[in-house]
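Note sheet for the following structure.
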Amino acid sequence: MSMVIFVLLRLAPGNIVDILFATGGYVNDADKAAIVRELGLDRPIWVQYVGWLRELASGDLGKSYRYDVPAWQLIRPLIPVTVELAILSTLIAVLIGVPTGVVSAARQDSVVDHALRIFSLAGLSMPSFWLGMVIILALVAGAGWIPPVTYVSASENLPLHLAQFLLPALAVGYRSSALILRMTRSTLLEVLHEDYVRTARAKGQRGWLVVCRHALSNAILPVLTVIGVEFAFLIGGLVVTETVFNLPGVARFLVQAVLWRDYPVVQNLVLFIAIVVILSNLLVDLLYAWLDPRVRYA
Amino acid sequence: MRRFLSTVAVVVLLGVAITAPPWQAAFPLALAQPQRSPAAPARSASPTYGHVLNVMQREDLPQGFAIHESATNSTVWPSLPCFNNLVMFDPGNPLERPDTIVGDLAESWTWRDGHRSLLFSLRAGVRWHDGQPFSARDVKYTFDLLREAPDATVRLRINPRKEWYDNVEAIDAPDPASVIFRLKRPQPSLLMLLASGYSPVYPAHLPPAVLRTRCVGTGPFRLKEWRKGEFVEYVRNPDYFVRGRPYLDGLRYIVITDRGTRFAALQAGRLDVAFPGEGSKTLAAQLTAAVPSMVIREVATKVNDNLLMNVKRPPFDNVKVRRAISYAIDRRAYASAVHRGGAQIGAALPPRPQGAWGLLEPELRGLPGYGSAAEDRATARRLLAEAGYGPGKPLRVEMATRAIALYVDAASFVIGALKQVGVEATLRQIETAQWHPIVTRREFLFGTNLTGIGTDDPDAVLFENYACGSPRNYSDYCDQDVTRLMDRQSQEGDPAKRRALVGQIQRRLEEDAPRPVLAWRLDYFAHWSHVKNLVPHHSVYNWSRMQDVWLDR
Amino acid sequence: MPDAEAVARGAVATGRVEARGPARPGSTLIWFCRRKPLGAIGASMILLMVLTALLAEPLSTHDPIATDAEHTLASPSARHWFGSDHLGRDIYSRIVHGARVSLIVGVGSTVLGSLLGGVIGLLSAYFGGRIDLSAQRVLDILQGLPLLVLALVMCAALGPSIPNVIVAISVPIIPRAARVIRASVLSIREMPYIEAARALGAQHLRLAFRHVLPNTIGPFIVLATAQLGSAVLVEASLSFLGLGVPEPYPSWGRMLSGSAAEYARSAPWLVLFPGIAISLAVFGSNLLGDALRDTLDPRLRGTS
């Protein structure tokens, strides 16, 4: 996969040197050739690829073409921001999705159920960046206030830090909550129709008790799966949300790096994202296997 | 009992009096609320020291602080506080003219030998931010670097303004406090070029590559931190050679790439100052409606919208076709539609009164696109017919433009206007990375372009954009008569005669229409009223040193 | 992934039942509308979008790319039903034409991705063995990246143009389509009638297309409708970032970026209408997708 990204990037018309000259307002082929040679961009693609692999093997992740500092040095401070945003979004998604899913399943086909399903569907349908934009507009128009535009760390000012992260987390989390609601509802429904639940009800146990004790514990498994998988896919939503809310995260940096054809940075970021996704998938699979010994894998 | 109560009262009153100021600090939101009254008078009329100014930065610095390797205000605007020039335009005067030039690193200067040699006397006791002393050696180094002198040991990786110094024969530094520029032929404009924000003095003791990652200058502010993609932070330079300056404790240039968020941040008070050239008339109205005390100044930007026509390729090798296109576009409608009135019409040089060399209304009226819209369109159709195009055989062209909103808006209008005279134009959007290579290699036929002028002088505009063989003469226009006129005006010492020559050149350029100018952008520069002494010039490039700015909080 | 297998198994089971269903297509439609009103609503929303796209010219009140100096940032009125933008372009007409673009991109990428993925999944499952394993590796890799990130890099590589956007958005759909098809083929492969056919000497490809394919249509349709909504959203995000559909084609996503965002504080209609359009289109496709899934396998009612 790294090869795919590597080749794709170099297929892209224009490279960092073109952009550098664009900011210089002109192009001089002789000067350009010098810089291209200096960066090694004139070597054939496979040579560059092998060179990159060799660098990776020795732990060197390459230097950003744009900033001329090691790529990892640029990426490292951004990771906590994105991770925190992802965690907060997932948390909000779970806090919204699970209870509403439970209610929706317990009151199946009622007005509440339909209303909640439409609410969740709306969350799946809205572009998260649009939601973010609308939130900012409403804030500016109503309160004349927007979250800070530079990163405020938790140790500096906790309330402001939370305010800065809560709104984008809401914008992204709303969408994830929809999926969690649906999954919670569907698995809960399945479980609620199982015999042992009907038996418990017939025995006279109260509705909510039945739901919580018997049904929920069995429904948790698929819900956890969805949560785990969604976590990895949050990155997509974060790309635009970080741009709109001006948060210095990995996703926003990726967009800038792609626009700047900063190959080392893009390659490293994509690799990092892929690793995160694979790890979280692995985690989910392991969790699944651990929690449900009935599952067998080929 | 009564004595006890009155003691308590006194103590309480005293306590309130002592602790009152911090109450304002505890409610910073109050500052961001729309204020009902007009700008309150400064609490103190004279400057106070302290505070950090939050400034808008539209994108991360493309080449760090290397102004000499850049041609975009994204580098100049945040880097100027770090540097000094030999001379500069008076920060307090919006006009930029030869008579508003004041000394910066140079205390005085004299022309000798009929504008052939320029002697500067430099200040003493100036230090670079790393402690090294400044001397004439740095000046010689900088301008030898720029003009790519044969004996220069170092070269710039990218050198956009080499042509500015083509006329410099040699630079002498006879002693640490004097520099002499010796020119090949008289050039009174040299001072205007040296006063531009694009002409700071580089340190001779550091390679130019260093400035791409950090800033070492002589200026009023020292770089504290450049957090890539987020902000650039400066602190006051305690050893600045102008005593008592700067007033501010520091500066923070905050990078916000999303256009919606930028001005929302300004409106909410997270930013104090906007980015020059980004404020349209509509935005200004929006800001004023929300914050009536916001200070908005209408200034010229010295950036124009123009059309590029590749004169070496048909059909634009036919001057009739070029003139027809120029006639088809009603300049006044363009300014009104694309800029909602926030633009001025004018030819190749910035229009008066903000610029010094532009053509005035009466002179413009006879030129293509400046007359009555209906008549001009008829003329356009007639010219096209003469060139062999008409309703049966419409002219089809592909228009190239950069894939940025500013350019695309202009291109959209042009396409609509051309449709009305029977020219069918399609748009081809080109990404930033490819724009300059494509236009430099002339791999286009027709395009919409924006051009910024570094300093209001014909020498900075004409040679770069209209001289035969100049790399940025994208249209490849080459006319011997016009070139001769350009050389003549450059050497002309008498301002009146020079103005006449420049007027003649501008008229010729619009009549030949290789690169018709559509309009000159105006900026509605906004800043909060508590920012004092920030005077935007009629240019986006040359005034952002922030040396005299103070905050009234 | 358990998800796809369950869908496939369920679909196959129901597919056999459906074969004895109502004969006339008209009554199927009525039955569907009555059983699944929400799905019918979703279908009609999609239909509305398709009609808008097809009839863009007669439905528009203005030329979507014509600028109008006199009426910039006009609020919604009789002249400009949804208001006008900063260049005086009519927003209603741009939304109508934007439907065409969104539909082309959404349908195009879904069809392309589903077809390619379907073929890969079919062949991979049918031939099994090493081909299957290596194909699964490749698909894993493609699925390992979030949709938007991959589309981002691809659009930057290929440049902004409608065909490129379609290709870019279709790539992440391929592994999902392949998974679904592969799972259903695997389930069917063991069925007696397939073995019988093979015993009779039928050629592999003929078997694949004549017997196996019809039974995979069900989950395929469900996947396609779900992906349609997702494709519209990704296209909107790409256009918002500046990498999607280029000018002059009006794109709902691009209408939300750039100048619109700047002026939105005093002209909220610039941002509201395109956003609502996107939301409604995706909403409709989600409703339809849900209803179709429910129809094809009641056991999976409400599953994502």
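Simple scheme: letters A, B, ... for chains in structure tokens order, numbers from 1 for residues in each chain, numbers from 1 for ligands in the order shown.
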Task: Long-range neighbours of segment 458-468 of chain B as a ChimeraX atom specification, 10 Å cut-off, only C-alpha atoms, 2 positions minimum in chain - done: /B:160-164,187-190,192-193,348-350,356-358,451-456,470-480,482-484,486-487,489-491,498-499,502,505-506,509,514-515
Keeping only C-alpha atoms, write the selected residues to a file as a PDB file, in the first residue's frame.
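Generated file (result01.pdb):
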```pdb
ATOM      1  CA  PRO B 160      12.342  36.627  -8.369  1.00  0.00           C
ATOM      2  CA  ARG B 161      13.508  40.235  -8.468  1.00  0.00           C
ATOM      3  CA  LYS B 162      16.826  39.982 -10.182  1.00  0.00           C
ATOM      4  CA  GLU B 163      15.655  42.435 -12.857  1.00  0.00           C
ATOM      5  CA  TRP B 164      15.183  45.154 -10.267  1.00  0.00           C
ATOM      6  CA  GLN B 187      17.965  55.528 -12.562  1.00  0.00           C
ATOM      7  CA  PRO B 188      16.170  57.862 -10.143  1.00  0.00           C
ATOM      8  CA  SER B 189      13.749  55.036  -9.260  1.00  0.00           C
ATOM      9  CA  LEU B 190      16.329  52.981  -7.450  1.00  0.00           C
ATOM     10  CA  MET B 192      11.694  53.455  -4.640  1.00  0.00           C
ATOM     11  CA  LEU B 193      12.858  49.892  -5.235  1.00  0.00           C
ATOM     12  CA  ALA B 348      -0.792  49.260 -16.420  1.00  0.00           C
ATOM     13  CA  LEU B 349       0.220  51.438 -13.483  1.00  0.00           C
ATOM     14  CA  PRO B 350      -1.667  51.936 -10.222  1.00  0.00           C
ATOM     15  CA  ALA B 356       1.486  58.395  -8.858  1.00  0.00           C
ATOM     16  CA  TRP B 357       1.637  57.262 -12.475  1.00  0.00           C
ATOM     17  CA  GLY B 358      -1.817  56.045 -13.402  1.00  0.00           C
ATOM     18  CA  THR B 451      -0.336  40.793 -10.620  1.00  0.00           C
ATOM     19  CA  GLY B 452       0.994  42.540  -7.546  1.00  0.00           C
ATOM     20  CA  ILE B 453       3.291  45.550  -7.791  1.00  0.00           C
ATOM     21  CA  GLY B 454       6.123  45.629  -5.300  1.00  0.00           C
ATOM     22  CA  THR B 455       6.572  49.377  -5.397  1.00  0.00           C
ATOM     23  CA  ASP B 456       4.750  52.150  -7.225  1.00  0.00           C
ATOM     24  CA  SER B 470      11.321  38.941 -19.518  1.00  0.00           C
ATOM     25  CA  PRO B 471      10.294  35.649 -17.896  1.00  0.00           C
ATOM     26  CA  ARG B 472       7.224  37.233 -16.331  1.00  0.00           C
ATOM     27  CA  ASN B 473       6.104  38.819 -19.564  1.00  0.00           C
ATOM     28  CA  TYR B 474       3.649  35.963 -19.894  1.00  0.00           C
ATOM     29  CA  SER B 475       2.090  37.323 -23.050  1.00  0.00           C
ATOM     30  CA  ASP B 476       5.476  37.405 -24.800  1.00  0.00           C
ATOM     31  CA  TYR B 477       4.737  40.905 -25.917  1.00  0.00           C
ATOM     32  CA  CYS B 478       7.653  42.537 -27.668  1.00  0.00           C
ATOM     33  CA  ASP B 479       7.539  45.956 -29.242  1.00  0.00           C
ATOM     34  CA  GLN B 480      10.712  47.909 -29.963  1.00  0.00           C
ATOM     35  CA  VAL B 482       7.612  50.608 -26.340  1.00  0.00           C
ATOM     36  CA  THR B 483      10.899  49.156 -25.113  1.00  0.00           C
ATOM     37  CA  ARG B 484      12.711  52.316 -26.190  1.00  0.00           C
ATOM     38  CA  MET B 486      10.612  52.286 -21.274  1.00  0.00           C
ATOM     39  CA  ASP B 487      14.368  52.821 -21.301  1.00  0.00           C
ATOM     40  CA  GLN B 489      11.518  57.011 -18.944  1.00  0.00           C
ATOM     41  CA  SER B 490      13.805  55.077 -16.624  1.00  0.00           C
ATOM     42  CA  GLN B 491      16.573  57.609 -17.126  1.00  0.00           C
ATOM     43  CA  ARG B 498       8.715  61.152 -17.149  1.00  0.00           C
ATOM     44  CA  ARG B 499       5.006  61.124 -16.381  1.00  0.00           C
ATOM     45  CA  VAL B 502       4.817  56.683 -18.845  1.00  0.00           C
ATOM     46  CA  ILE B 505       3.469  53.747 -22.685  1.00  0.00           C
ATOM     47  CA  GLN B 506       0.313  52.848 -20.816  1.00  0.00           C
ATOM     48  CA  LEU B 509      -0.094  48.896 -23.951  1.00  0.00           C
ATOM     49  CA  PRO B 514      -1.392  41.940 -24.915  1.00  0.00           C
ATOM     50  CA  ARG B 515      -2.307  42.029 -21.257  1.00  0.00           C
TER      51      ARG B 515
END
```
Open item on the list: To test your reading of the structure, identify every residue in segment 270-444 of chain B that backbone DSSP assigns to helix (DSSP H, G or I), and report it as number ranges by chain.
Closed with: B: 281-290, 319-328, 331-339, 361-364, 373-386, 405-419, 432-440
Task: Residue hits in chain B, query chain A, radius 7 Å, only C-alpha atoms, as a PyMOL selection string - done: chain B and resi 32-33+62+69-72+157-158+160+230+256+258+261+264-265+268+270+432-434+436-437+440+472
Do you have, as CSV, the list of residues of chain B lying at most 9 Å from chain C, each with its nearest atom pair and that distance in Å to one decimal, counting only C-alpha atoms and ordered by chain then number?
```
residue,atom,partner,partner_atom,distance
B:Asp258,CA,C:Gly258,CA,7.8
B:Arg259,CA,C:Glu262,CA,5.8
B:Gly260,CA,C:Ala261,CA,4.2
B:Thr261,CA,C:Glu262,CA,7.6
B:Arg262,CA,C:Glu262,CA,8.0
B:Phe263,CA,C:Glu262,CA,7.0
B:Ala264,CA,C:Glu262,CA,8.1
B:Thr282,CA,C:Tyr263,CA,7.5
B:Leu283,CA,C:Tyr263,CA,6.6
B:Gln286,CA,C:Ser266,CA,6.1
B:Ala289,CA,C:Ser266,CA,9.0
B:Ala333,CA,C:Ala69,CA,7.0
B:Tyr334,CA,C:Ala69,CA,8.0
B:Ala335,CA,C:Ala69,CA,8.9
B:Ser336,CA,C:Ala69,CA,5.9
B:Ala337,CA,C:Ala69,CA,3.8
B:Val338,CA,C:Leu87,CA,6.1
B:His339,CA,C:Leu87,CA,8.4
B:Arg340,CA,C:Ala69,CA,7.1
B:Ala403,CA,C:Gly242,CA,8.0
B:Ile404,CA,C:Gly242,CA,8.4
B:Ala405,CA,C:Gly258,CA,6.3
B:Leu406,CA,C:Ser259,CA,8.8
B:Val408,CA,C:Glu247,CA,7.6
B:Asp409,CA,C:Leu87,CA,7.3
B:Ser412,CA,C:Ile65,CA,7.2
B:Phe413,CA,C:Thr67,CA,6.2
B:Ile415,CA,C:Ala66,CA,8.8
B:Gly416,CA,C:Ala66,CA,6.1
B:Thr426,CA,C:Pro248,CA,8.4
B:Leu427,CA,C:Pro248,CA,6.9
B:Arg428,CA,C:Glu247,CA,7.9
B:Gln429,CA,C:Pro246,CA,6.9
B:Ile430,CA,C:Pro160,CA,8.6
B:Glu431,CA,C:Gly159,CA,7.9
```
Listing only residues of chain A within 9 Å of chain C, what is the closest atom pair and its distance in Å (to one decimal) for each, using only C-alpha atoms, sorted by chain and residue number ascending, as a tab-separated table?
```
residue	atom	partner	partner_atom	distance
A:Met1	CA	C:Ile141	CA	6.0
A:Ile5	CA	C:Val153	CA	7.8
A:Leu8	CA	C:Ala157	CA	6.0
A:Leu9	CA	C:Ala157	CA	5.9
A:Arg10	CA	C:Ala157	CA	7.7
A:Leu11	CA	C:Ala157	CA	6.0
A:Ala12	CA	C:Ala157	CA	3.7
A:Pro13	CA	C:Ala157	CA	6.7
A:Leu121	CA	C:Phe283	CA	6.6
A:Ala122	CA	C:Phe283	CA	6.5
A:Gly123	CA	C:Ser279	CA	8.9
A:Leu124	CA	C:Phe283	CA	7.6
A:Ser125	CA	C:Ser279	CA	4.9
A:Met126	CA	C:Ser279	CA	4.8
A:Pro127	CA	C:Leu233	CA	6.2
A:Ser128	CA	C:Ser237	CA	8.9
A:Phe129	CA	C:Ser237	CA	7.6
A:Trp130	CA	C:Gly275	CA	6.4
A:Leu131	CA	C:Gly275	CA	8.6
A:Met133	CA	C:Ala261	CA	7.8
A:Val134	CA	C:Val271	CA	8.1
A:Leu137	CA	C:Arg265	CA	6.1
A:Ala138	CA	C:Arg265	CA	8.6
A:Val140	CA	C:Arg265	CA	7.9
A:Ala141	CA	C:Arg265	CA	7.0
A:Leu179	CA	C:Ser304	CA	6.5
A:Ile180	CA	C:Ser304	CA	8.7
A:Arg182	CA	C:Ser304	CA	6.0
A:Met183	CA	C:Thr303	CA	5.7
A:Thr184	CA	C:Thr303	CA	8.8
A:Arg185	CA	C:Gly302	CA	7.1
A:Ser186	CA	C:Gly302	CA	5.1
A:Thr187	CA	C:Thr303	CA	7.8
A:Leu189	CA	C:Gly302	CA	8.9
A:Glu190	CA	C:Arg299	CA	8.2
A:Ala232	CA	C:Pro146	CA	7.5
A:Phe233	CA	C:Pro146	CA	5.5
A:Leu234	CA	C:Pro146	CA	8.1
A:Ile235	CA	C:Pro146	CA	6.8
A:Gly236	CA	C:Leu148	CA	5.0
A:Gly237	CA	C:Leu148	CA	8.0
A:Val239	CA	C:Leu148	CA	8.0
A:Val240	CA	C:Ser237	CA	7.0
A:Thr243	CA	C:Leu241	CA	8.9
A:Ala251	CA	C:Val149	CA	8.7
A:Leu254	CA	C:Val149	CA	8.6
A:Val255	CA	C:Leu152	CA	7.7
A:Val258	CA	C:Val153	CA	6.6
A:Leu259	CA	C:Ala156	CA	7.0
A:Arg261	CA	C:Ala156	CA	8.5
A:Val266	CA	C:Val153	CA	8.8
A:Val270	CA	C:Val149	CA	8.0
A:Ile273	CA	C:Leu145	CA	7.3
A:Ala274	CA	C:Leu145	CA	5.8
A:Ile275	CA	C:Gly144	CA	8.5
A:Val277	CA	C:Gly144	CA	6.2
A:Ile278	CA	C:Gly144	CA	6.5
```
Task: Residue neighbourhood Arg100 of chain C, 10 Å, only C-alpha atoms, exclusion window fewer than 5 positions, as a count of residues only - done: 15
Task: Residue contacts of Leu146 of chain B (12 Å, only C-alpha atoms) excluding same-chain residues fewer than 5 positions away, as a PyMOL selection string - done: chain B and resi 67-69+139-141+152-168+171+194+198-202+208
Dump as a CSV table (one decimal), in the first residue's frame, selection limited to C-alpha atoms:
```
chain,number,residue,atom,x,y,z
B,67,ILE,CA,11.7,37.5,1.6
B,68,HIS,CA,14.3,37.6,-1.2
B,69,GLU,CA,13.3,34.1,-2.3
B,139,VAL,CA,24.4,45.8,2.5
B,140,LYS,CA,26.9,45.0,-0.2
B,141,TYR,CA,26.4,41.3,0.4
B,152,ALA,CA,29.2,36.9,-5.3
B,153,THR,CA,30.1,33.7,-3.4
B,154,VAL,CA,26.6,32.7,-2.5
B,155,ARG,CA,23.5,32.4,-4.7
B,156,LEU,CA,19.8,32.5,-3.8
B,157,ARG,CA,17.9,29.4,-4.6
B,158,ILE,CA,15.1,31.4,-6.1
B,159,ASN,CA,15.6,35.0,-7.1
B,160,PRO,CA,12.3,36.6,-8.4
B,161,ARG,CA,13.5,40.2,-8.5
B,162,LYS,CA,16.8,40.0,-10.2
B,163,GLU,CA,15.7,42.4,-12.9
B,164,TRP,CA,15.2,45.2,-10.3
B,165,TYR,CA,18.9,45.4,-9.9
B,166,ASP,CA,20.0,44.8,-13.5
B,167,ASN,CA,21.1,48.4,-13.7
B,168,VAL,CA,23.6,48.2,-10.8
B,171,ILE,CA,28.4,48.2,-5.0
B,194,LEU,CA,15.0,49.9,-2.1
B,198,TYR,CA,10.8,43.3,-0.8
B,199,SER,CA,14.2,44.9,-0.2
B,200,PRO,CA,15.3,44.1,3.4
B,201,VAL,CA,18.9,43.7,4.3
B,202,TYR,CA,20.1,40.2,4.9
B,208,PRO,CA,20.5,32.6,2.9
```
Open item on the list: So that I can check the secondary structure, give me every residue of segment 395-428 of chain B assigned strand (DSSP E or B) by backbone DSSP, as a list in words.
Closed with: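 Of segment 395-428 of chain B, only Leu395, Arg396, Val397, Glu398, Met399, Ala400, Thr401, Arg402, Val423, Glu424, Ala425, Thr426, Leu427 and Arg428 of chain B fall in strand (DSSP E or B).
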Take the residues just selected and output them with N, CA and C atoms as a JSON list (two decimals), in the first residue's frame.
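Ended up saving to selection12.json:
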```
[["chain", "number", "residue", "atom", "x", "y", "z"],
["B", 395, "LEU", "N", -15.59, 32.48, -32.19],
["B", 395, "LEU", "CA", -14.25, 32.27, -31.67],
["B", 395, "LEU", "C", -14.35, 31.42, -30.41],
["B", 396, "ARG", "N", -13.64, 30.30, -30.38],
["B", 396, "ARG", "CA", -13.67, 29.43, -29.20],
["B", 396, "ARG", "C", -12.29, 29.43, -28.57],
["B", 397, "VAL", "N", -12.25, 29.76, -27.29],
["B", 397, "VAL", "CA", -10.96, 29.76, -26.61],
["B", 397, "VAL", "C", -11.09, 29.07, -25.27],
["B", 398, "GLU", "N", -9.96, 28.55, -24.82],
["B", 398, "GLU", "CA", -9.93, 27.95, -23.49],
["B", 398, "GLU", "C", -9.20, 28.93, -22.58],
["B", 399, "MET", "N", -9.85, 29.33, -21.49],
["B", 399, "MET", "CA", -9.23, 30.27, -20.59],
["B", 399, "MET", "C", -8.65, 29.53, -19.40],
["B", 400, "ALA", "N", -7.42, 29.80, -19.11],
["B", 400, "ALA", "CA", -6.77, 29.16, -17.96],
["B", 400, "ALA", "C", -6.77, 30.13, -16.80],
["B", 401, "THR", "N", -6.94, 29.60, -15.61],
["B", 401, "THR", "CA", -6.79, 30.46, -14.44],
["B", 401, "THR", "C", -6.40, 29.60, -13.25],
["B", 402, "ARG", "N", -5.92, 30.24, -12.20],
["B", 402, "ARG", "CA", -5.55, 29.50, -11.01],
["B", 402, "ARG", "C", -6.80, 29.08, -10.27],
["B", 423, "VAL", "N", -18.07, 35.28, -28.25],
["B", 423, "VAL", "CA", -16.87, 34.47, -28.03],
["B", 423, "VAL", "C", -17.19, 33.42, -26.99],
["B", 424, "GLU", "N", -16.94, 32.15, -27.33],
["B", 424, "GLU", "CA", -17.24, 31.08, -26.38],
["B", 424, "GLU", "C", -15.97, 30.65, -25.67],
["B", 425, "ALA", "N", -15.96, 30.92, -24.39],
["B", 425, "ALA", "CA", -14.77, 30.59, -23.61],
["B", 425, "ALA", "C", -15.11, 29.52, -22.59],
["B", 426, "THR", "N", -14.23, 28.54, -22.47],
["B", 426, "THR", "CA", -14.38, 27.55, -21.41],
["B", 426, "THR", "C", -13.25, 27.74, -20.41],
["B", 427, "LEU", "N", -13.50, 27.33, -19.19],
["B", 427, "LEU", "CA", -12.54, 27.58, -18.14],
["B", 427, "LEU", "C", -11.73, 26.33, -17.84],
["B", 428, "ARG", "N", -10.43, 26.51, -17.70],
["B", 428, "ARG", "CA", -9.56, 25.42, -17.29],
["B", 428, "ARG", "C", -8.85, 25.87, -16.03]]
```
